[in-house]
Structure formats: C-alpha cells, structure tokens
file protein_15.txt (compact mmCIF, C-alpha atoms)
# COMPACT_ATOMS: atom_id res chain seq x y z
CA MET L 12 -105.35 9.62 22.54
CA ASP L 13 -106.10 12.24 25.18
CA LEU L 14 -109.32 10.80 26.59
CA LYS L 15 -110.02 13.90 28.66
CA GLU L 16 -109.93 16.09 25.55
CA LYS L 17 -112.04 13.59 23.62
CA ALA L 18 -114.65 13.65 26.39
CA LYS L 19 -114.68 17.45 26.27
CA GLU L 20 -115.22 17.38 22.50
CA LEU L 21 -118.04 14.83 22.81
CA ARG L 22 -119.70 16.80 25.60
CA GLY L 23 -119.87 19.85 23.37
CA GLU L 24 -121.12 17.85 20.37
CA THR L 25 -123.84 16.24 22.47
CA PHE L 26 -125.01 19.57 23.85
CA LYS L 27 -125.15 21.13 20.37
CA THR L 28 -127.04 18.17 18.90
CA ILE L 29 -129.75 18.30 21.53
CA CYS L 30 -130.14 22.07 21.42
CA LEU L 31 -130.32 22.22 17.63
CA GLY L 32 -132.81 19.34 17.72
CA GLY L 33 -135.07 21.29 20.04
CA GLY L 34 -135.31 18.83 22.91
CA GLY L 35 -133.67 16.00 24.81
CA HIS L 36 -132.23 14.94 28.14
CA ILE L 37 -129.16 17.18 28.34
CA PRO L 38 -128.01 16.49 31.95
CA ALA L 39 -128.46 12.71 31.62
CA THR L 40 -126.22 12.69 28.56
CA LEU L 41 -123.53 14.92 30.05
CA SER L 42 -123.08 12.67 33.08
CA ILE L 43 -122.10 9.63 30.98
CA ILE L 44 -119.75 11.23 28.44
CA ASP L 45 -116.52 10.32 30.25
CA VAL L 46 -117.58 6.68 30.64
CA LEU L 47 -118.42 6.45 26.93
CA ALA L 48 -115.16 8.14 25.92
CA VAL L 49 -113.10 5.62 27.88
CA LEU L 50 -115.08 2.62 26.63
CA TYR L 51 -115.15 3.55 22.95
CA TYR L 52 -111.64 4.97 22.65
CA GLY L 53 -109.78 2.82 25.13
CA ILE L 54 -111.55 -0.48 25.82
CA LEU L 55 -114.05 -1.88 23.33
CA ASN L 56 -113.00 -4.26 20.56
CA ILE L 57 -115.23 -2.87 17.79
CA ASP L 58 -114.82 -1.97 14.13
CA PRO L 59 -117.11 0.48 12.29
CA GLU L 60 -116.11 -1.24 9.04
CA ASN L 61 -117.44 -4.54 10.39
CA PRO L 62 -120.16 -3.65 12.94
CA GLY L 63 -121.65 -7.15 12.86
CA ASP L 64 -118.42 -8.98 13.71
CA PRO L 65 -119.55 -11.91 15.90
CA HIS L 66 -116.39 -11.57 17.99
CA ARG L 67 -116.89 -7.88 18.80
CA ASP L 68 -117.45 -6.52 22.29
CA ARG L 69 -120.98 -5.30 22.98
CA PHE L 70 -122.11 -2.06 24.63
CA ILE L 71 -125.75 -1.57 25.60
CA LEU L 72 -127.11 1.76 26.78
CA SER L 73 -129.83 0.64 29.16
CA LYS L 74 -130.67 4.26 30.06
CA GLY L 75 -131.81 4.90 26.52
CA HIS L 76 -132.97 8.48 27.12
CA ALA L 77 -129.27 9.48 27.19
CA CYS L 78 -128.85 8.22 23.61
CA VAL L 79 -127.58 11.48 22.10
CA ALA L 80 -124.28 10.97 23.93
CA LEU L 81 -123.95 7.58 22.24
CA TYR L 82 -124.99 9.06 18.88
CA ALA L 83 -122.14 11.55 19.13
CA VAL L 84 -119.67 8.76 19.89
CA LEU L 85 -120.85 6.42 17.12
CA ALA L 86 -120.75 9.24 14.57
CA ASP L 87 -117.26 10.23 15.67
CA LYS L 88 -116.10 6.61 15.44
CA GLY L 89 -117.43 6.36 11.88
CA PHE L 90 -120.40 4.04 12.38
CA PHE L 91 -122.58 6.54 10.52
CA ASP L 92 -122.09 9.90 8.81
CA LYS L 93 -121.86 12.85 11.17
CA HIS L 94 -124.39 14.81 9.11
CA HIS L 95 -127.10 12.70 10.77
CA LEU L 96 -126.45 14.53 14.05
CA CYS L 97 -127.89 17.67 12.43
CA THR L 98 -131.13 15.78 11.77
CA PHE L 99 -131.81 14.91 15.40
CA GLY L 100 -135.30 16.09 16.33
CA LYS L 101 -136.27 16.49 12.67
CA CYS L 102 -138.86 14.56 10.66
CA GLY L 103 -137.43 11.42 9.05
CA THR L 104 -134.27 11.23 11.16
CA ILE L 105 -132.72 7.91 12.08
CA LEU L 106 -131.80 9.40 15.47
CA GLY L 107 -134.81 9.18 17.75
CA GLY L 108 -135.28 10.27 21.33
CA HIS L 109 -134.50 6.65 22.18
CA PRO L 110 -132.15 4.50 20.09
CA ASP L 111 -133.28 2.12 17.35
CA MET L 112 -130.86 -0.71 16.63
CA HIS L 113 -132.50 -1.32 13.23
CA LYS L 114 -131.65 2.18 12.00
CA ILE L 115 -128.26 2.94 13.57
CA SER L 116 -125.05 1.07 12.84
CA GLY L 117 -123.19 0.16 16.02
CA MET L 118 -126.31 0.30 18.19
CA GLU L 119 -126.62 -3.07 19.91
CA ALA L 120 -130.12 -2.68 21.37
CA SER L 121 -133.24 -0.54 21.11
CA THR L 122 -133.64 0.79 24.63
CA GLY L 123 -135.63 3.36 26.53
CA ALA L 124 -138.08 1.38 28.64
CA LEU L 125 -135.98 1.43 31.81
CA GLY L 126 -135.07 -1.92 33.28
CA HIS L 127 -134.95 -3.72 29.92
CA GLY L 128 -131.52 -3.01 28.43
CA PHE L 129 -129.61 -4.55 31.31
CA PRO L 130 -131.42 -7.93 31.19
CA PHE L 131 -130.87 -7.90 27.42
CA GLY L 132 -127.13 -7.52 28.06
CA VAL L 133 -127.21 -10.38 30.55
CA GLY L 134 -128.69 -12.60 27.85
CA ILE L 135 -125.97 -11.63 25.37
CA ALA L 136 -123.29 -12.38 27.98
CA LEU L 137 -124.82 -15.81 28.64
CA SER L 138 -124.89 -16.50 24.88
CA GLY L 139 -121.19 -15.65 24.70
CA LYS L 140 -120.42 -18.12 27.48
CA LEU L 141 -122.50 -20.89 25.91
CA ASP L 142 -120.87 -20.32 22.51
CA LYS L 143 -117.40 -20.18 24.10
CA GLU L 144 -116.87 -16.71 22.62
CA HIS L 145 -114.47 -14.26 24.25
CA TYR L 146 -116.32 -11.03 23.66
CA ARG L 147 -117.23 -8.80 26.59
CA VAL L 148 -120.56 -7.15 27.33
CA PHE L 149 -120.83 -3.71 28.94
CA THR L 150 -124.16 -2.19 29.87
CA LEU L 151 -124.74 1.30 31.26
CA LEU L 152 -127.63 1.80 33.66
CA GLY L 153 -129.17 4.82 35.30
CA ASP L 154 -129.32 4.85 39.08
CA GLY L 155 -133.06 5.50 39.13
CA GLU L 156 -133.40 2.56 36.76
CA CYS L 157 -132.02 0.36 39.53
CA GLN L 158 -135.32 0.69 41.38
CA GLU L 159 -136.81 -1.66 38.76
CA GLY L 160 -137.37 -5.25 39.81
CA SER L 161 -136.17 -6.55 36.44
CA ILE L 162 -132.69 -5.20 37.24
CA TRP L 163 -132.37 -7.37 40.32
CA GLU L 164 -133.86 -10.44 38.63
CA ALA L 165 -131.22 -10.09 35.91
CA ALA L 166 -128.48 -9.45 38.48
CA MET L 167 -129.38 -12.64 40.31
CA PHE L 168 -129.43 -14.60 37.04
CA ALA L 169 -126.02 -13.24 35.97
CA SER L 170 -124.42 -14.20 39.25
CA HIS L 171 -125.92 -17.68 39.15
CA HIS L 172 -124.42 -18.25 35.70
CA LYS L 173 -121.02 -16.79 36.67
CA LEU L 174 -121.03 -14.21 33.87
CA ASP L 175 -117.64 -12.64 34.44
CA ASN L 176 -117.72 -11.44 30.79
CA LEU L 177 -120.41 -8.95 31.86
CA THR L 178 -119.78 -5.50 33.30
CA ALA L 179 -122.57 -3.22 34.47
CA ILE L 180 -121.81 0.49 34.87
CA VAL L 181 -124.22 2.50 36.98
CA ASP L 182 -124.40 6.23 36.24
CA PHE L 183 -124.78 7.13 39.92
CA ASN L 184 -125.63 10.83 39.59
CA LYS L 185 -128.15 10.52 42.43
CA GLN L 186 -131.04 12.14 40.57
CA GLN L 187 -133.99 10.80 38.63
CA ALA L 188 -136.57 12.72 36.65
CA MET L 189 -137.35 15.93 38.57
CA ASP L 190 -135.93 15.16 42.00
CA TYR L 191 -133.13 13.58 43.98
CA LEU L 192 -132.98 9.80 44.13
CA ASN L 193 -133.15 9.55 47.91
CA LYS L 194 -136.36 11.57 47.97
CA ILE L 195 -138.09 9.08 45.68
CA VAL L 196 -136.79 5.58 46.50
CA SER L 197 -133.38 5.31 48.15
CA LEU L 198 -130.99 2.66 46.83
CA GLU L 199 -128.72 2.58 49.85
CA PRO L 200 -126.79 0.57 50.80
CA PHE L 201 -126.28 0.38 47.04
CA ALA L 202 -122.89 -1.32 46.74
CA GLU L 203 -123.86 -3.87 49.38
CA LYS L 204 -127.00 -4.75 47.45
CA TRP L 205 -124.91 -5.72 44.41
CA ARG L 206 -122.51 -7.70 46.59
CA ALA L 207 -125.44 -9.53 48.16
CA PHE L 208 -126.56 -10.53 44.66
CA GLY L 209 -123.15 -12.07 43.98
CA TRP L 210 -121.45 -9.30 42.00
CA GLU L 211 -117.94 -7.93 42.43
CA VAL L 212 -118.18 -4.17 42.98
CA LYS L 213 -115.88 -1.22 42.42
CA GLU L 214 -116.76 2.43 42.99
CA VAL L 215 -115.08 5.12 40.89
CA ASP L 216 -115.19 8.81 40.03
CA GLY L 217 -117.21 8.64 36.81
CA HIS L 218 -115.48 11.72 35.40
CA ASP L 219 -111.89 10.61 36.05
CA VAL L 220 -110.87 9.04 32.74
CA ASN L 221 -107.66 7.51 34.11
CA GLN L 222 -109.48 5.87 37.00
CA LEU L 223 -112.16 4.60 34.63
CA LEU L 224 -109.57 3.21 32.22
CA ASP L 225 -107.70 1.37 34.99
CA THR L 226 -110.95 -0.05 36.34
CA PHE L 227 -112.21 -1.30 32.98
CA ASN L 228 -108.83 -2.83 32.25
CA SER L 229 -109.01 -4.81 35.49
CA CYS L 230 -112.24 -6.61 34.47
CA PRO L 231 -113.09 -9.27 35.39
CA PHE L 232 -112.36 -8.26 38.97
CA VAL L 233 -112.83 -11.84 40.18
CA GLU L 234 -113.05 -14.92 37.99
CA GLY L 235 -116.55 -16.35 37.88
CA LYS L 236 -118.35 -13.22 39.10
CA PRO L 237 -120.05 -10.45 37.08
CA ASN L 238 -118.64 -6.96 37.54
CA VAL L 239 -120.40 -3.75 38.49
CA ILE L 240 -118.78 -0.33 38.40
CA ILE L 241 -120.64 2.29 40.41
CA ALA L 242 -119.60 5.51 38.68
CA HIS L 243 -120.20 8.54 40.89
CA THR L 244 -121.14 11.29 38.44
CA THR L 245 -122.62 14.77 38.26
CA LYS L 246 -125.85 15.15 36.32
CA GLY L 247 -125.38 18.03 33.89
CA LYS L 248 -121.58 17.78 34.13
CA GLY L 249 -119.83 20.67 32.39
CA VAL L 250 -122.67 23.18 32.34
CA SER L 251 -122.45 25.25 35.51
CA PHE L 252 -126.13 26.02 36.03
CA MET L 253 -127.27 22.47 35.19
CA GLU L 254 -124.99 20.54 37.52
CA ASN L 255 -126.96 18.78 40.27
CA GLU L 256 -130.13 20.75 39.51
CA PRO L 257 -133.12 18.38 39.02
CA LEU L 258 -135.27 20.93 37.17
CA TRP L 259 -133.00 20.54 34.12
CA HIS L 260 -133.99 16.91 33.50
CA TYR L 261 -135.70 17.81 30.22
CA ARG L 262 -135.68 21.61 30.19
CA MET L 263 -133.99 23.56 27.36
CA PRO L 264 -131.86 26.66 28.02
CA ASN L 265 -133.01 30.13 27.01
CA LEU L 266 -130.72 32.53 25.15
CA GLU L 267 -128.97 33.92 28.22
CA GLU L 268 -128.42 30.42 29.59
CA MET L 269 -127.20 29.31 26.16
CA LYS L 270 -124.50 31.98 26.32
CA ILE L 271 -123.29 30.62 29.65
CA ALA L 272 -123.37 27.01 28.46
CA SER L 273 -121.49 27.91 25.27
CA LYS L 274 -118.75 29.44 27.40
CA ASP L 275 -118.72 26.51 29.85
CA LEU L 276 -118.33 24.00 27.02
CA ASP L 277 -115.94 26.12 24.97
CA LEU L 278 -118.37 26.33 22.04
CA GLY L 279 -117.55 29.89 21.01
CA ASP L 280 -120.52 31.73 19.54
CA PHE L 281 -122.75 28.66 19.27
CA TRP L 282 -125.40 30.58 21.22
CA ARG L 283 -125.92 32.87 18.23
CA GLU L 284 -127.79 30.00 16.53
CA PHE L 285 -130.68 30.88 18.84
CA GLU L 286 -130.83 34.67 18.50

call {"tool": "encode", "arguments": {"input": "protein_15.txt", "output": "structure tokens"}}
result
Amino acid sequence: MDLKEKAKELRGETFKTICLGGGGHIPATLSIIDVLAVLYYGILNIDPENPGDPHRDRFILSKGHACVALYAVLADKGFFDKHHLCTFGKCGTILGGHPDMHKISGMEASTGALGHGFPFGVGIALSGKLDKEHYRVFTLLGDGECQEGSIWEAAMFASHHKLDNLTAIVDFNKQQAMDYLNKIVSLEPFAEKWRAFGWEVKEVDGHDVNQLLDTFNSCPFVEGKPNVIIAHTTKGKGVSFMENEPLWHYRMPNLEEMKIASKDLDLGDFWREFE
C-alpha cells in the first residue's frame, strides 16, 4: 500500500467530516494523519472482524480532541460503516467530539481529558507483561498534554516496570489551544526529560511515512525500556492557511477559505456544499 496516498485520502476525509459536522479540531487532526496511516496500515496487529481479540495490539488516542482522524481510519478499516462519518456533529451520532469506547468498535479508550489516555495505556502494557502476552501498546499524546503531571507519573511507572511493549508517540506540533507551546509552558529540553525518566527516545519527521514506518518497526529500541517517538509535525498540515496558525485551533473556514482548502486537499468542488 502507498502510505503517502492513504494519508492524503484520510486527510481529506477527516477535513470533510469535521466541516460537514459543523465543528471540530481541524488542525489537531491533520497533524496526526500520517502517524495513524502508518500505524493502522503498516504496523498494528488488529482485525475489524475480531476487534476484541485478546492478542491484538492496542492503540490509544490520548489527545482525544483529535478523534475525527481516528474515526476516518477506523471507518476505512471496516470497524464501523462509513455512513456514520456523515452523522458526526448530528443528534444521536455515535461519533462524539471525544471518542466513546462503548459506542465505537476498535476504540480502545474513551479519552479527552488530557493526561488520562497515556496512563491508561501504561496500565494495559503492564497487564500484557503480567499475563505474558505479546501484544504491543501505542499511545498518541499531544505536546501540550505533556505539561500534565499525570504524564510524568505514568512515564516514571512505565520505566520502573520495564515496559518495552509500550510506545508513546508525541504529536510535537509546538502549539496548544490558541498559542505556541513555548509561550505557555515550555517543554524543553523535551527529549532529555524523557531520557531522564528512563525512556528510549527517537525523534522523527511526523509526516515522513517511510521514516515513521522504519521507526515503528525498530521498536523496542532497547530491551527493557519503554519507547517514545517525538514526531515533529505541523498543526493544520495540508491546508495552507491553517499550517502553524494558532487561531485555527477550533475555528471553521468560511466559504472563500473552504475553496482554498478544497484545492489544497484535492477535494474538487467540496466547497460547494457550503454555498
């Protein structure tokens, strides 16, 4: 499979889903698309026909506000019917602004309160070790989320228990909410912090699918140590006027902006839905 083309397809599907739903975190979803494409189409041992397989790999989206990207992936993989994407933002939908594991097949955790999904993943990784299972746990965090104390408590715990079946991926787009990360609470020296907590660290271009694939395939980086991949990304990736612009955190495009975004994402006349 051409992972770059799959990521492009998913980026467009995610954008359309949010816009038709009338609201959502567009830039935060666009920055993680390439990571999700590589994980779900090149790495994870999962089966939509048997989503509860006890031997499956687990993926947890700790930054739950970016859930529409994961919805697009799970629908494309066949975990639920794609028609549900058209219900996002509508009354009675199973697809909320944050994910609900009790409503969505393939969703491993209900997340959204930042700082909670990652510790949940640490617990699942520990359970795998105790049960002598060979599944792997991947959890995707936001960089702003890493200001939470619960992240570092869980990181310390994972290192102590030598959870090399656990991989954290940080969406390091260097923005949070309506400003740049370093203007709120700087994380630097970020990689050194993880190393100090006993993790093995690799930094990658979070939009380079080949680099991501090679990095995921090399996990665990060191036996007996949890892995963290710091993925340098662009918030709003793929939409020219959204990239690296904090004001787009939750803003929706107007008609003229929709025309530009439709061209950027190769969506044809999608913008006409909003005339």

call {"tool": "atom_distance", "arguments": {"input": "protein_15.txt", "atom1": "CA of Cys78 in chain L", "atom2": "CA of Cys102 in chain L"}}
result
17.6 Å

call {"tool": "atom_distance", "arguments": {"input": "protein_15.txt", "atom1": "CA of Gly279 in chain L", "atom2": "CA of Lys246 in chain L"}}
result
22.8 Å

call {"tool": "closest_residue", "arguments": {"input": "protein_15.txt", "among": "L:Phe131, L:Phe252, L:Trp163, L:Phe26", "to": "Cys97 in chain L", "atoms": "all atoms listed in the file"}}
result
L:Phe26

call {"tool": "closest_residue", "arguments": {"input": "protein_15.txt", "among": "L:Val133, L:Leu41, L:Ala83, L:Ala77", "to": "Pro110 in chain L", "atoms": "only C-alpha atoms"}}
result
L:Ala77

call {"tool": "axis_aligned_box", "arguments": {"input": "protein_15.txt", "around": "range 138-147 of chain L", "padding_each_side": "8 Å", "output": "AutoDock Vina command-line options"}}
result
--center_x -119.7 --center_y -14.8 --center_z 25.0 --size_x 26.4 --size_y 28.1 --size_z 21.0

call {"tool": "closest_residue", "arguments": {"input": "protein_15.txt", "among": "L:Ile195, L:Leu21, L:Leu258, L:Cys157", "to": "Gly126 in chain L", "atoms": "only C-alpha atoms"}}
result
L:Cys157

call {"tool": "residues_around", "arguments": {"input": "protein_15.txt", "residues": "range 262-266 of chain L", "least_positions_apart": "3", "cutoff": "9 Å", "atoms": "all atoms listed in the file", "output": "PyMOL selection string"}}
result
chain L and resi 29-30+33-37+258-259+269-272+282-283+285-286

call {"tool": "closest_residue", "arguments": {"input": "protein_15.txt", "among": "L:Pro257, L:Pro59, L:Pro130, L:Gly249", "to": "Asp190 in chain L", "atoms": "all atoms listed in the file"}}
result
L:Pro257

call {"tool": "residues_around", "arguments": {"input": "protein_15.txt", "residues": "Leu174 in chain L", "least_positions_apart": "3", "cutoff": "6 Å", "atoms": "only C-alpha atoms", "output": "list in words"}}
result
Ala169, Leu177, Lys236 and Pro237 of chain L
